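**Student:** One file is attached below, model-v9.csv, containing CSV, C-alpha atoms.
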chain,number,residue,atom,x,y,z
A,298,MET,CA,9.6,-2.2,23.2
A,299,VAL,CA,9.0,-0.6,26.6
A,300,THR,CA,12.5,-1.5,27.6
A,301,THR,CA,14.6,-1.0,24.6
A,302,SER,CA,17.8,-2.7,23.6
A,303,ALA,CA,20.0,-1.4,20.7
A,304,GLU,CA,18.8,-4.3,18.6
A,305,GLU,CA,15.1,-3.6,19.2
A,306,CYS,CA,15.5,0.1,18.5
A,307,ARG,CA,17.5,-0.5,15.4
A,308,ALA,CA,14.9,-3.0,14.2
A,309,LEU,CA,12.1,-0.4,14.7
A,310,LEU,CA,14.1,2.2,12.7
A,311,ASP,CA,14.7,-0.3,9.9
A,312,ASP,CA,11.1,-1.5,9.8
A,313,LEU,CA,9.6,1.9,9.2
A,314,ASP,CA,8.1,2.8,5.8
A,315,ALA,CA,10.2,5.9,5.8
A,316,ILE,CA,13.9,6.7,5.6
A,317,VAL,CA,15.4,7.9,8.9
A,318,TRP,CA,18.7,9.6,8.7
A,319,GLU,CA,21.3,11.6,10.6
A,320,ALA,CA,24.0,13.8,9.0
A,321,ASP,CA,26.8,16.2,9.8
A,322,PRO,CA,25.4,19.8,9.3
A,323,ARG,CA,28.7,21.1,7.9
A,324,THR,CA,29.3,18.5,5.3
A,325,ILE,CA,25.8,16.9,5.0
A,326,GLN,CA,27.6,13.6,5.1
A,327,PHE,CA,25.3,10.9,6.5
A,328,SER,CA,26.3,9.2,9.8
A,329,PHE,CA,23.2,7.0,9.9
A,330,VAL,CA,20.5,5.9,7.4
A,331,SER,CA,17.8,3.3,7.9
A,332,GLN,CA,17.3,0.2,5.7
A,333,LYS,CA,14.3,1.8,3.9
A,334,ALA,CA,16.8,3.9,2.0
A,335,GLU,CA,18.1,0.7,0.3
A,336,ARG,CA,14.6,-0.8,-0.1
A,337,LEU,CA,13.2,2.3,-1.7
A,338,LEU,CA,16.0,3.7,-3.8
A,339,GLY,CA,18.3,0.7,-4.4
A,340,TYR,CA,21.6,2.2,-3.2
A,341,PRO,CA,23.3,0.2,-0.5
A,342,VAL,CA,23.3,1.9,2.9
A,343,GLY,CA,27.2,1.8,2.8
A,344,ARG,CA,27.2,4.2,-0.1
A,345,TRP,CA,25.0,6.7,1.8
A,346,LEU,CA,27.5,6.6,4.7
A,347,GLU,CA,30.8,6.5,2.9
A,348,GLU,CA,30.4,8.7,-0.1
A,349,GLN,CA,31.0,12.4,0.3
A,350,ASP,CA,28.2,14.4,-1.5
A,351,PHE,CA,26.0,11.3,-1.7
A,352,TRP,CA,22.9,13.3,-0.9
A,353,VAL,CA,23.8,16.1,-3.3
A,354,ASN,CA,24.3,13.5,-6.1
A,355,LEU,CA,21.0,11.7,-5.1
A,356,ILE,CA,19.0,14.9,-5.8
A,357,HIS,CA,17.4,15.1,-9.3
A,358,PRO,CA,19.6,17.5,-11.4
A,359,GLU,CA,16.7,19.9,-11.9
A,360,ASP,CA,16.1,20.2,-8.2
A,361,ARG,CA,19.7,20.1,-6.9
A,362,GLU,CA,20.5,23.8,-6.8
A,363,TRP,CA,17.4,25.0,-4.9
A,364,VAL,CA,17.4,22.1,-2.6
A,365,VAL,CA,21.0,22.5,-1.5
A,366,THR,CA,20.6,26.3,-1.2
A,367,THR,CA,17.5,25.8,0.9
A,368,CYS,CA,19.1,23.3,3.2
A,369,ALA,CA,22.2,25.4,3.7
A,370,ALA,CA,20.1,28.5,4.7
A,371,ALA,CA,18.1,26.4,7.1
A,372,VAL,CA,21.2,25.0,8.7
A,373,ARG,CA,22.7,28.5,9.0
A,374,ASP,CA,19.6,29.7,10.7
A,375,ILE,CA,19.1,26.6,12.9
A,376,ARG,CA,15.7,26.2,11.4
A,377,ASP,CA,13.6,23.0,11.1
A,378,HIS,CA,12.3,22.6,7.6
A,379,THR,CA,10.2,20.4,5.4
A,380,PHE,CA,10.8,20.3,1.6
A,381,ASP,CA,9.6,18.1,-1.3
A,382,TYR,CA,12.1,17.3,-4.1
A,383,ARG,CA,12.9,14.7,-6.6
A,384,VAL,CA,15.7,12.1,-6.3
A,385,VAL,CA,17.0,9.6,-8.8
A,386,ALA,CA,16.9,5.9,-7.7
A,387,ALA,CA,19.6,3.4,-8.6
A,388,ASP,CA,17.5,2.1,-11.5
A,389,GLY,CA,17.0,5.6,-12.9
A,390,ARG,CA,13.4,6.1,-11.6
A,391,THR,CA,12.5,9.6,-10.4
A,392,VAL,CA,11.1,9.5,-6.8
A,393,TRP,CA,9.4,12.4,-5.1
A,394,MET,CA,10.6,12.7,-1.5
A,395,ARG,CA,9.3,14.7,1.4
A,396,ASP,CA,12.2,15.4,3.7
A,397,VAL,CA,11.3,16.6,7.3
A,398,VAL,CA,14.5,17.9,8.8
A,399,HIS,CA,15.3,18.8,12.4
A,400,VAL,CA,18.3,21.1,13.0
A,401,THR,CA,20.0,21.1,16.5
A,402,GLY,CA,22.1,24.1,17.4
A,403,ASP,CA,24.4,25.0,20.2
A,404,ALA,CA,24.6,28.1,22.4
A,405,HIS,CA,26.9,29.8,19.8
A,406,GLY,CA,24.3,29.5,17.1
A,407,GLN,CA,26.2,26.7,15.3
A,408,ALA,CA,24.3,23.7,14.0
A,409,THR,CA,25.5,20.6,15.7
A,410,ARG,CA,23.3,17.9,14.3
A,411,LEU,CA,20.8,17.2,11.4
A,412,THR,CA,18.2,14.5,11.6
A,413,GLY,CA,15.4,13.7,9.2
A,414,VAL,CA,12.7,11.6,8.0
A,415,MET,CA,12.2,11.1,4.2
A,416,LEU,CA,8.9,9.8,2.8
A,417,ASP,CA,8.1,8.6,-0.7
A,418,ILE,CA,5.3,11.0,-1.9
A,419,THR,CA,5.5,10.0,-5.5
A,420,ALA,CA,1.8,9.0,-5.4
B,226,MET,CA,26.0,6.7,14.9
B,227,VAL,CA,27.9,4.2,12.7
B,228,THR,CA,28.1,1.8,15.7
B,229,THR,CA,24.9,2.2,17.5
B,230,SER,CA,24.2,1.9,21.3
B,231,ALA,CA,20.7,1.8,22.6
B,232,GLU,CA,21.1,5.3,23.9
B,233,GLU,CA,22.2,6.7,20.6
B,234,CYS,CA,19.5,5.0,18.7
B,235,ARG,CA,16.9,6.2,21.2
B,236,ALA,CA,18.3,9.7,21.0
B,237,LEU,CA,17.9,9.7,17.2
B,238,LEU,CA,14.3,8.5,17.4
B,239,ASP,CA,13.4,11.2,20.0
B,240,ASP,CA,15.2,13.9,18.1
B,241,LEU,CA,13.2,13.5,14.9
B,242,ASP,CA,10.6,16.0,13.9
B,243,ALA,CA,8.1,13.2,13.5
B,244,ILE,CA,6.4,10.7,15.8
B,245,VAL,CA,7.7,7.2,15.5
B,246,TRP,CA,5.5,4.5,17.0
B,247,GLU,CA,5.0,0.8,17.3
B,248,ALA,CA,1.7,-0.9,18.2
B,249,ASP,CA,0.1,-4.3,18.7
B,250,PRO,CA,-2.0,-5.0,15.5
B,251,ARG,CA,-4.8,-6.7,17.4
B,252,THR,CA,-5.4,-4.1,20.0
B,253,ILE,CA,-3.7,-1.0,18.4
B,254,GLN,CA,-2.2,-0.4,21.8
B,255,PHE,CA,1.2,1.4,21.6
B,256,SER,CA,4.3,-0.4,22.8
B,257,PHE,CA,6.6,2.5,21.8
B,258,VAL,CA,6.2,6.1,20.9
B,259,SER,CA,8.9,8.7,20.5
B,260,GLN,CA,9.2,12.0,22.4
B,261,LYS,CA,7.9,14.1,19.5
B,262,ALA,CA,4.4,12.7,20.5
B,263,GLU,CA,4.6,14.7,23.7
B,264,ARG,CA,6.2,17.8,22.2
B,265,LEU,CA,3.6,18.0,19.4
B,266,LEU,CA,0.4,17.0,21.1
B,267,GLY,CA,1.0,17.5,24.8
B,268,TYR,CA,0.0,14.1,26.1
B,269,PRO,CA,2.8,12.4,28.2
B,270,VAL,CA,4.3,9.4,26.5
B,271,GLY,CA,3.2,7.2,29.4
B,272,ARG,CA,-0.5,7.8,28.4
B,273,TRP,CA,0.2,6.6,24.9
B,274,LEU,CA,1.7,3.4,26.2
B,275,GLU,CA,-0.6,2.7,29.1
B,276,GLU,CA,-4.1,3.7,28.1
B,277,GLN,CA,-6.1,1.2,26.1
B,278,ASP,CA,-7.8,2.9,23.1
B,279,PHE,CA,-5.4,5.9,23.4
B,280,TRP,CA,-5.1,6.1,19.6
B,281,VAL,CA,-8.8,5.8,19.0
B,282,ASN,CA,-9.6,8.5,21.5
B,283,LEU,CA,-6.8,10.8,20.0
B,284,ILE,CA,-8.6,10.9,16.6
B,285,HIS,CA,-10.9,13.8,16.0
B,286,PRO,CA,-14.5,12.6,16.5
B,287,GLU,CA,-15.4,13.4,12.9
B,288,ASP,CA,-12.6,11.3,11.5
B,289,ARG,CA,-12.7,8.5,14.1
B,290,GLU,CA,-15.0,6.0,12.4
B,291,TRP,CA,-13.4,6.0,8.9
B,292,VAL,CA,-9.9,6.0,10.3
B,293,VAL,CA,-10.4,3.1,12.6
B,294,THR,CA,-12.2,1.1,9.8
B,295,THR,CA,-9.4,1.9,7.3
B,296,CYS,CA,-6.8,0.8,9.7
B,297,ALA,CA,-8.6,-2.4,10.6
B,298,ALA,CA,-9.0,-3.4,6.9
B,299,ALA,CA,-5.3,-2.7,6.2
B,300,VAL,CA,-4.2,-4.8,9.2
B,301,ARG,CA,-6.5,-7.6,8.0
B,302,ASP,CA,-5.0,-7.5,4.5
B,303,ILE,CA,-1.4,-7.0,5.8
B,304,ARG,CA,-1.2,-3.8,3.7
B,305,ASP,CA,1.0,-0.8,4.2
B,306,HIS,CA,-1.0,2.4,4.2
B,307,THR,CA,-0.7,6.1,4.5
B,308,PHE,CA,-3.6,8.2,5.6
B,309,ASP,CA,-4.2,11.8,6.7
B,310,TYR,CA,-6.6,12.5,9.6
B,311,ARG,CA,-7.2,15.0,12.4
B,312,VAL,CA,-6.3,14.4,16.0
B,313,VAL,CA,-7.1,16.6,19.0
B,314,ALA,CA,-4.1,17.8,21.1
B,315,ALA,CA,-4.1,18.0,24.9
B,316,ASP,CA,-4.9,21.8,24.7
B,317,GLY,CA,-7.8,21.2,22.3
B,318,ARG,CA,-6.1,22.2,19.1
B,319,THR,CA,-6.9,20.2,16.0
B,320,VAL,CA,-3.8,18.8,14.3
B,321,TRP,CA,-3.7,17.2,10.9
B,322,MET,CA,-1.5,14.1,10.9
B,323,ARG,CA,-0.1,12.0,8.0
B,324,ASP,CA,0.3,8.5,9.4
B,325,VAL,CA,2.6,6.2,7.3
B,326,VAL,CA,2.0,2.7,8.6
B,327,HIS,CA,4.0,-0.5,7.9
B,328,VAL,CA,2.1,-3.8,8.6
B,329,THR,CA,4.2,-6.9,9.2
B,330,GLY,CA,2.5,-10.3,8.7
B,331,ASP,CA,3.5,-13.9,9.3
B,332,ALA,CA,3.3,-17.0,7.1
B,333,HIS,CA,-0.3,-17.5,8.2
B,334,GLY,CA,-1.5,-14.1,7.0
B,335,GLN,CA,-1.7,-12.7,10.5
B,336,ALA,CA,-0.4,-9.2,11.3
B,337,THR,CA,2.3,-9.4,13.9
B,338,ARG,CA,3.5,-5.9,14.1
B,339,LEU,CA,2.5,-2.3,13.3
B,340,THR,CA,5.0,0.5,13.0
B,341,GLY,CA,4.5,4.0,11.8
B,342,VAL,CA,5.6,7.6,11.4
B,343,MET,CA,3.2,10.4,12.0
B,344,LEU,CA,4.0,13.9,10.6
B,345,ASP,CA,2.3,17.2,11.4
B,346,ILE,CA,0.8,18.3,8.0
B,347,THR,CA,-1.4,21.0,9.5
B,348,ALA,CA,0.4,23.6,7.4
Let me see the file written as structure tokens.
**Tutor:**
Amino acid sequence: MVTTSAEECRALLDDLDAIVWEADPRTIQFSFVSQKAERLLGYPVGRWLEEQDFWVNLIHPEDREWVVTTCAAAVRDIRDHTFDYRVVAADGRTVWMRDVVHVTGDAHGQATRLTGVMLDITA
Amino acid sequence: MVTTSAEECRALLDDLDAIVWEADPRTIQFSFVSQKAERLLGYPVGRWLEEQDFWVNLIHPEDREWVVTTCAAAVRDIRDHTFDYRVVAADGRTVWMRDVVHVTGDAHGQATRLTGVMLDITA
């Protein structure tokens, strides 16, 4: 993949044993998610992209409040962050995820982009 | 990034707070590595791609033998694997990495592709 086409790049993203995602920092709505999302958790990629609050609803109810609060604070401070939390798969399984988030900000201190890598750390 | 150009896809890969890589399963020579490799460890991306044995030499000497042996066995068995090991950055720092590797095999039981995500877990 030394010279990269869109297809090769996309194939690499979808091949990874990790979920790669991109989201709007204001709404936390996903604008991209890689195929591992569907393989690991069972929800079609289209739902990740189209449903408002998909991420919030994905989080295990017992972790939802602190995870959303932690993420909002990190976005406000333009701060990269890593956190481990539980999500609920389409078949009801609880899956422990490690989410490694990069926050990009502009010159006015506003977050402009969120990208992340989620790993299954259920063990 | 709902419709993805090569530039957008590449920008997403390079923006992540993780190293995404692709390598030849026979030689473990890298055919792709994302920019985080350079930001985190200080070696130019060109060295990752051009030097034979770059990965082997990157591993901390005390971890090198078991890491290389583990990887070779997983490639032989076409087995995804996650392992934590130390690498040595360009400035001499020791960095703990978690390497999450996906092995693709063909119908003859031969590994055809290795992809991975490396996270800094130095803490």
**Student:** At a cut-off of 7 Å, using all atoms listed in the file, what residues contact Val270 (chain B)? Leave out same-chain residues fewer than 3 positions from it and give the result as a ChimeraX atom specification.
**Tutor:** /B:258,260,262-263,273-274
**Student:** Quick one: distance from CA of Ala336 (chain B) to CA of Arg304 (chain B) in Å, one decimal?
**Tutor:**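 Pair CA of Ala336 (chain B) / CA of Arg304 (chain B) returns 9.4 Å.
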**Student:** Using all atoms listed in the file, pick whichever of A:Val398, A:Val384, A:Val392, A:Ile418 has the shortest atom-to-atom distance to chain B.
**Tutor:**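 Looking at the shortest contact to chain B, the residue is A:Val398.
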**Student:** Would you mind telling me which residue in A:Val365, A:Ala370, A:Leu309, A:Ile316 lies nearest to Val400 (chain A) when using all atoms listed in the file?
**Tutor:**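 Distance minimum relative to Val400 (chain A) lands on A:Ala370.
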**Student:** Could you please determine the separation between CA of Trp280 (chain B) and CA of Thr319 (chain B) in Å, to one decimal place?
**Tutor:** 14.7 Å
**Student:** So which residues touch Asp316 (chain B) within 9 Å, counting all atoms listed in the file, skipping near sequence neighbours fewer than 3 positions away, as a ChimeraX atom specification?
**Tutor:** /B:266-267,313
**Student:** Emit the selected residues as a compact mmCIF listing (two decimals), in the coordinates of the input, including C-alpha atoms.
**Tutor:**
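The result, stored in out34.txt:
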# COMPACT_ATOMS: atom_id res chain seq x y z
CA LEU B 266 0.40 17.00 21.10
CA GLY B 267 1.00 17.50 24.80
CA VAL B 313 -7.10 16.60 19.00
**Student:** If the cut-off is 7 Å, can you tell me the residues of chain B near chain A, counting only C-alpha atoms? I'd like them as a PyMOL selection string.
**Tutor:** chain B and resi 226-227+229-231+234-235+241-242+256-257+325-327+340-341
